[in-house]
Amino acid sequence: MGKVLIIGAGGVGTVVAKKVAMNASEFDEIMLASRTKSKCDKIAADIKNVKIRTASVDADNVDELCKLFESFKPELVINVALPYQDLTIMEACLKCGVNYLDTANYEPKDEAKYQYSWQWAYHDRFKEAGLTAILGCGFDPGCTSVYTAYAAKHHFDEIHYLDIVDCNGGDHHKAFATNFNPEINIREITQRGKYWENGAWHETDPLSVHKTLNYPSVGARESYLMYHEELESLVKHYPTIKRARFWMTFGQEYLTHLRVLQNVGMTRIDPVVYNGMEIIPIQFLKAVLPDPGELGENYTGETSIGCRIRGVKDGKEKTYYIWNNCSHEAAYKETGAQGVSYTTGVPATTGALMFMRGLWKKPGVYNVEQFDPDPFMQEVAKQGLPWNEAHDIDIEL
Ligand code: NDP
């Protein structure tokens, strides 16, 4: 037990606040803080079973964070603001003796890098302070990382080939929208592709490698190889992996919009001068795109995300597929948010429960696959993301 402070009141923050409230008996007190307090108040007003305190905080500012931490005295911070805030929040956690959990790795604002080095560098300081930091506890990273740990623990002596496959088979009925923060999403998709093979990283032109894959209950979807942050920690923690790749589905309509936006410079992350002031085109684009938190109402269809694995067990070659399908409509009915926010917020809440129960608690900075996957797998299914598995099938990759 302990007090929990959720930072970030977007689509994911909405789901985390609501799911944490549904598990209120496991937390002493709940606070939701974000840059814009009115957004926290709106979410808190929807929650009837328990009182949620709200606050405004600029999470780029360590002193402001510390003031909030000192007044509320949380045991754990769930960071579902943006990746830019990871290090300031971790710094404040160290200053004030607070444990930490997030869903996305740190990224500097002026460069799309996606690497864990900055956060891993905090390991010794968290260890010495006796504090736990849990990194990447959304769906991917998050569930996909725990699925890999679960596969390694129960079904393989060695994992050799890992393909993480992320399909959004849903339709929000908008011409163009992103399913989570547009700035972060577009930065991620437009970067060069990268995968791990035979002990080295190999780069590809953005979205240049693609393949048709079949997803349970969704069907065939064109899937594009791209870099995703969990590849870095998984190849480190499972050194038997010979090749690790990440695939995500995109429709033609989405790709056409993205290409045009890129070609006209709207996805740039460097400042341009407009009417005498500096603006960053991708931040302006975010302001005019639909808010991912508001997409839920007419969203139909399902997400289907999982891991397709090849390796050996008891001297024999083996394939294994573990996945979750999540209905956007069901997610909306339960939390008022669409499936992508839901599949991120439910694992973050589950990670917080693991921490509060003392099951995922060890001083230092850890990726989720470094903890015991079993209690998480059991709990995440109860919390709304049940998983399926298939053995020795054709995994297409
Ligand atoms: P949103 O943009 O909807 O929400 C972000 C929230 O953070 C907003 O409430 C925003 O406030 C707040 N925020 C931004 N900057 C600050 C700041 N300096 N101080 C305080 N609050 C701030 O994003 P999402 O909810 O879609 O995503 C949240 C996180 O989840 C992101 O880091 C994203 O990368 C991650 N994610 C992870 C996934 C996974 O599977 N691992 C999948 C999807 C998302 P304001 O409204 O005032 O701007």
# chains A, B, ... in the order shown; residues from 1 in each chain; ligands from 1
>>> closest_atom_pairs(of="chain A", to="ligand 1", cutoff="7 Å", atoms="only C-alpha atoms and all ligand atoms", output="JSON lines")
{"residue": "A:Ile7", "atom": "CA", "partner": "ligand 1", "partner_atom_place_in_ligand_line": "21 (N)", "distance": 6.3}
{"residue": "A:Gly8", "atom": "CA", "partner": "ligand 1", "partner_atom_place_in_ligand_line": "7 (O)", "distance": 3.8}
{"residue": "A:Ala9", "atom": "CA", "partner": "ligand 1", "partner_atom_place_in_ligand_line": "9 (O)", "distance": 3.5}
{"residue": "A:Gly10", "atom": "CA", "partner": "ligand 1", "partner_atom_place_in_ligand_line": "4 (O)", "distance": 3.2}
{"residue": "A:Gly11", "atom": "CA", "partner": "ligand 1", "partner_atom_place_in_ligand_line": "25 (O)", "distance": 3.9}
{"residue": "A:Val12", "atom": "CA", "partner": "ligand 1", "partner_atom_place_in_ligand_line": "25 (O)", "distance": 3.7}
{"residue": "A:Gly13", "atom": "CA", "partner": "ligand 1", "partner_atom_place_in_ligand_line": "25 (O)", "distance": 5.5}
{"residue": "A:Ser34", "atom": "CA", "partner": "ligand 1", "partner_atom_place_in_ligand_line": "21 (N)", "distance": 4.0}
{"residue": "A:Arg35", "atom": "CA", "partner": "ligand 1", "partner_atom_place_in_ligand_line": "20 (C)", "distance": 3.8}
{"residue": "A:Thr36", "atom": "CA", "partner": "ligand 1", "partner_atom_place_in_ligand_line": "47 (O)", "distance": 4.2}
{"residue": "A:Lys39", "atom": "CA", "partner": "ligand 1", "partner_atom_place_in_ligand_line": "46 (O)", "distance": 6.8}
{"residue": "A:Val57", "atom": "CA", "partner": "ligand 1", "partner_atom_place_in_ligand_line": "20 (C)", "distance": 5.3}
{"residue": "A:Asp58", "atom": "CA", "partner": "ligand 1", "partner_atom_place_in_ligand_line": "19 (N)", "distance": 3.8}
{"residue": "A:Ala59", "atom": "CA", "partner": "ligand 1", "partner_atom_place_in_ligand_line": "19 (N)", "distance": 3.6}
{"residue": "A:Asp60", "atom": "CA", "partner": "ligand 1", "partner_atom_place_in_ligand_line": "18 (N)", "distance": 4.6}
{"residue": "A:Val80", "atom": "CA", "partner": "ligand 1", "partner_atom_place_in_ligand_line": "29 (C)", "distance": 4.4}
{"residue": "A:Ala81", "atom": "CA", "partner": "ligand 1", "partner_atom_place_in_ligand_line": "7 (O)", "distance": 3.3}
{"residue": "A:Leu82", "atom": "CA", "partner": "ligand 1", "partner_atom_place_in_ligand_line": "32 (O)", "distance": 3.7}
{"residue": "A:Pro83", "atom": "CA", "partner": "ligand 1", "partner_atom_place_in_ligand_line": "32 (O)", "distance": 4.6}
{"residue": "A:Gln85", "atom": "CA", "partner": "ligand 1", "partner_atom_place_in_ligand_line": "18 (N)", "distance": 6.2}
{"residue": "A:Thr103", "atom": "CA", "partner": "ligand 1", "partner_atom_place_in_ligand_line": "41 (N)", "distance": 4.4}
{"residue": "A:Ala104", "atom": "CA", "partner": "ligand 1", "partner_atom_place_in_ligand_line": "34 (O)", "distance": 5.0}
{"residue": "A:Gly136", "atom": "CA", "partner": "ligand 1", "partner_atom_place_in_ligand_line": "41 (N)", "distance": 5.8}
{"residue": "A:Cys137", "atom": "CA", "partner": "ligand 1", "partner_atom_place_in_ligand_line": "41 (N)", "distance": 6.1}
{"residue": "A:Gly138", "atom": "CA", "partner": "ligand 1", "partner_atom_place_in_ligand_line": "41 (N)", "distance": 3.6}
{"residue": "A:Phe139", "atom": "CA", "partner": "ligand 1", "partner_atom_place_in_ligand_line": "40 (O)", "distance": 3.7}
{"residue": "A:Asp140", "atom": "CA", "partner": "ligand 1", "partner_atom_place_in_ligand_line": "40 (O)", "distance": 3.9}
{"residue": "A:Pro141", "atom": "CA", "partner": "ligand 1", "partner_atom_place_in_ligand_line": "41 (N)", "distance": 4.5}
{"residue": "A:Gly142", "atom": "CA", "partner": "ligand 1", "partner_atom_place_in_ligand_line": "41 (N)", "distance": 5.9}
{"residue": "A:Asn179", "atom": "CA", "partner": "ligand 1", "partner_atom_place_in_ligand_line": "26 (O)", "distance": 6.9}
{"residue": "A:Phe180", "atom": "CA", "partner": "ligand 1", "partner_atom_place_in_ligand_line": "26 (O)", "distance": 3.5}
{"residue": "A:Asn181", "atom": "CA", "partner": "ligand 1", "partner_atom_place_in_ligand_line": "2 (O)", "distance": 4.0}
{"residue": "A:Ile184", "atom": "CA", "partner": "ligand 1", "partner_atom_place_in_ligand_line": "34 (O)", "distance": 6.0}
{"residue": "A:Asp291", "atom": "CA", "partner": "ligand 1", "partner_atom_place_in_ligand_line": "3 (O)", "distance": 6.9}
{"residue": "A:Pro292", "atom": "CA", "partner": "ligand 1", "partner_atom_place_in_ligand_line": "3 (O)", "distance": 6.0}
{"residue": "A:Gly293", "atom": "CA", "partner": "ligand 1", "partner_atom_place_in_ligand_line": "3 (O)", "distance": 5.7}
{"residue": "A:Val340", "atom": "CA", "partner": "ligand 1", "partner_atom_place_in_ligand_line": "43 (C)", "distance": 6.3}
{"residue": "A:Ser341", "atom": "CA", "partner": "ligand 1", "partner_atom_place_in_ligand_line": "43 (C)", "distance": 6.1}
{"residue": "A:Thr343", "atom": "CA", "partner": "ligand 1", "partner_atom_place_in_ligand_line": "40 (O)", "distance": 6.8}
{"residue": "A:Thr344", "atom": "CA", "partner": "ligand 1", "partner_atom_place_in_ligand_line": "40 (O)", "distance": 4.7}
>>> residues_around(residues="range 269-281 of chain A", least_positions_apart="6", cutoff="12 Å", atoms="only C-alpha atoms", output="list in words")
Pro108, Lys109, Asp110, Glu111, Ala112, Pro182, Glu183, Ile184, Ile186, Arg187, Glu188, Thr190, Gln191, Leu261, Gln262, Ala287 and Val288 of chain A
>>> write_last_selection(atoms="C-alpha atoms", output="PDB file, in the first residue's frame")
ATOM      1  CA  PRO A 108      15.328  14.805 -26.012  1.00  0.00           C
ATOM      2  CA  LYS A 109      12.964  17.331 -27.611  1.00  0.00           C
ATOM      3  CA  ASP A 110      15.330  18.303 -30.399  1.00  0.00           C
ATOM      4  CA  GLU A 111      16.267  14.812 -31.578  1.00  0.00           C
ATOM      5  CA  ALA A 112      14.258  11.601 -32.083  1.00  0.00           C
ATOM      6  CA  PRO A 182       0.710  12.942 -32.363  1.00  0.00           C
ATOM      7  CA  GLU A 183       4.133  14.479 -31.853  1.00  0.00           C
ATOM      8  CA  ILE A 184       5.611  11.351 -30.266  1.00  0.00           C
ATOM      9  CA  ILE A 186       4.892  10.829 -35.855  1.00  0.00           C
ATOM     10  CA  ARG A 187       8.483  11.173 -34.628  1.00  0.00           C
ATOM     11  CA  GLU A 188       8.550   7.433 -34.003  1.00  0.00           C
ATOM     12  CA  THR A 190       9.140   8.777 -39.544  1.00  0.00           C
ATOM     13  CA  GLN A 191      12.514   7.772 -38.087  1.00  0.00           C
ATOM     14  CA  LEU A 261       2.749  16.138 -44.198  1.00  0.00           C
ATOM     15  CA  GLN A 262       6.416  15.135 -44.336  1.00  0.00           C
ATOM     16  CA  ALA A 287      -2.642  21.398 -32.188  1.00  0.00           C
ATOM     17  CA  VAL A 288      -4.750  20.939 -35.338  1.00  0.00           C
TER      18      VAL A 288
END
>>> select_by_dssp(residues="range 154-370 of chain A", states="helix (DSSP H, G or I)", output="number ranges by chain")
A: 154, 182-190, 230-237, 252-263, 281-288, 292-294, 296-298, 328-335, 339-356, 368-370
>>> atom_distance(atom1="CA of Leu397 in chain A", atom2="CA of Phe376 in chain A")
27.3 Å
>>> residues_around(residues="Gln370 in chain A", least_positions_apart="2", cutoff="9 Å", atoms="only C-alpha atoms", output="number ranges by chain")
A: 146, 149, 237, 366-368, 372-373
>>> write_last_selection(atoms="N, CA and C atoms", output="tab-separated table (two decimals), in the first residue's frame")
chain	number	residue	atom	x	y	z
A	146	VAL	N	6.96	-8.31	-21.33
A	146	VAL	CA	6.62	-9.35	-20.34
A	146	VAL	C	6.26	-10.65	-21.07
A	149	ALA	N	9.44	-12.33	-21.71
A	149	ALA	CA	9.99	-12.90	-20.48
A	149	ALA	C	9.23	-14.18	-20.11
A	237	HIS	N	18.76	-8.21	-22.66
A	237	HIS	CA	18.42	-9.14	-21.58
A	237	HIS	C	18.25	-10.58	-22.05
A	366	TYR	N	14.94	-0.75	-13.84
A	366	TYR	CA	14.73	-2.02	-14.54
A	366	TYR	C	13.69	-1.90	-15.64
A	367	ASN	N	13.93	-2.63	-16.73
A	367	ASN	CA	12.89	-2.80	-17.74
A	367	ASN	C	11.96	-3.91	-17.25
A	368	VAL	N	10.73	-3.90	-17.72
A	368	VAL	CA	9.73	-4.81	-17.14
A	368	VAL	C	10.09	-6.29	-17.30
A	372	ASP	N	9.61	-10.81	-12.46
A	372	ASP	CA	8.89	-12.08	-12.67
A	372	ASP	C	7.63	-11.81	-13.51
A	373	PRO	N	7.52	-12.45	-14.68
A	373	PRO	CA	6.35	-12.16	-15.53
A	373	PRO	C	5.05	-12.77	-14.99
>>> atom_distance(atom1="CA of Ile134 in chain A", atom2="CA of Pro206 in chain A")
29.7 Å
>>> closest_residue(among="A:Asn325, A:Thr54, A:Ser145, A:Asn99", to="Ser304 in chain A", atoms="only C-alpha atoms")
A:Asn325
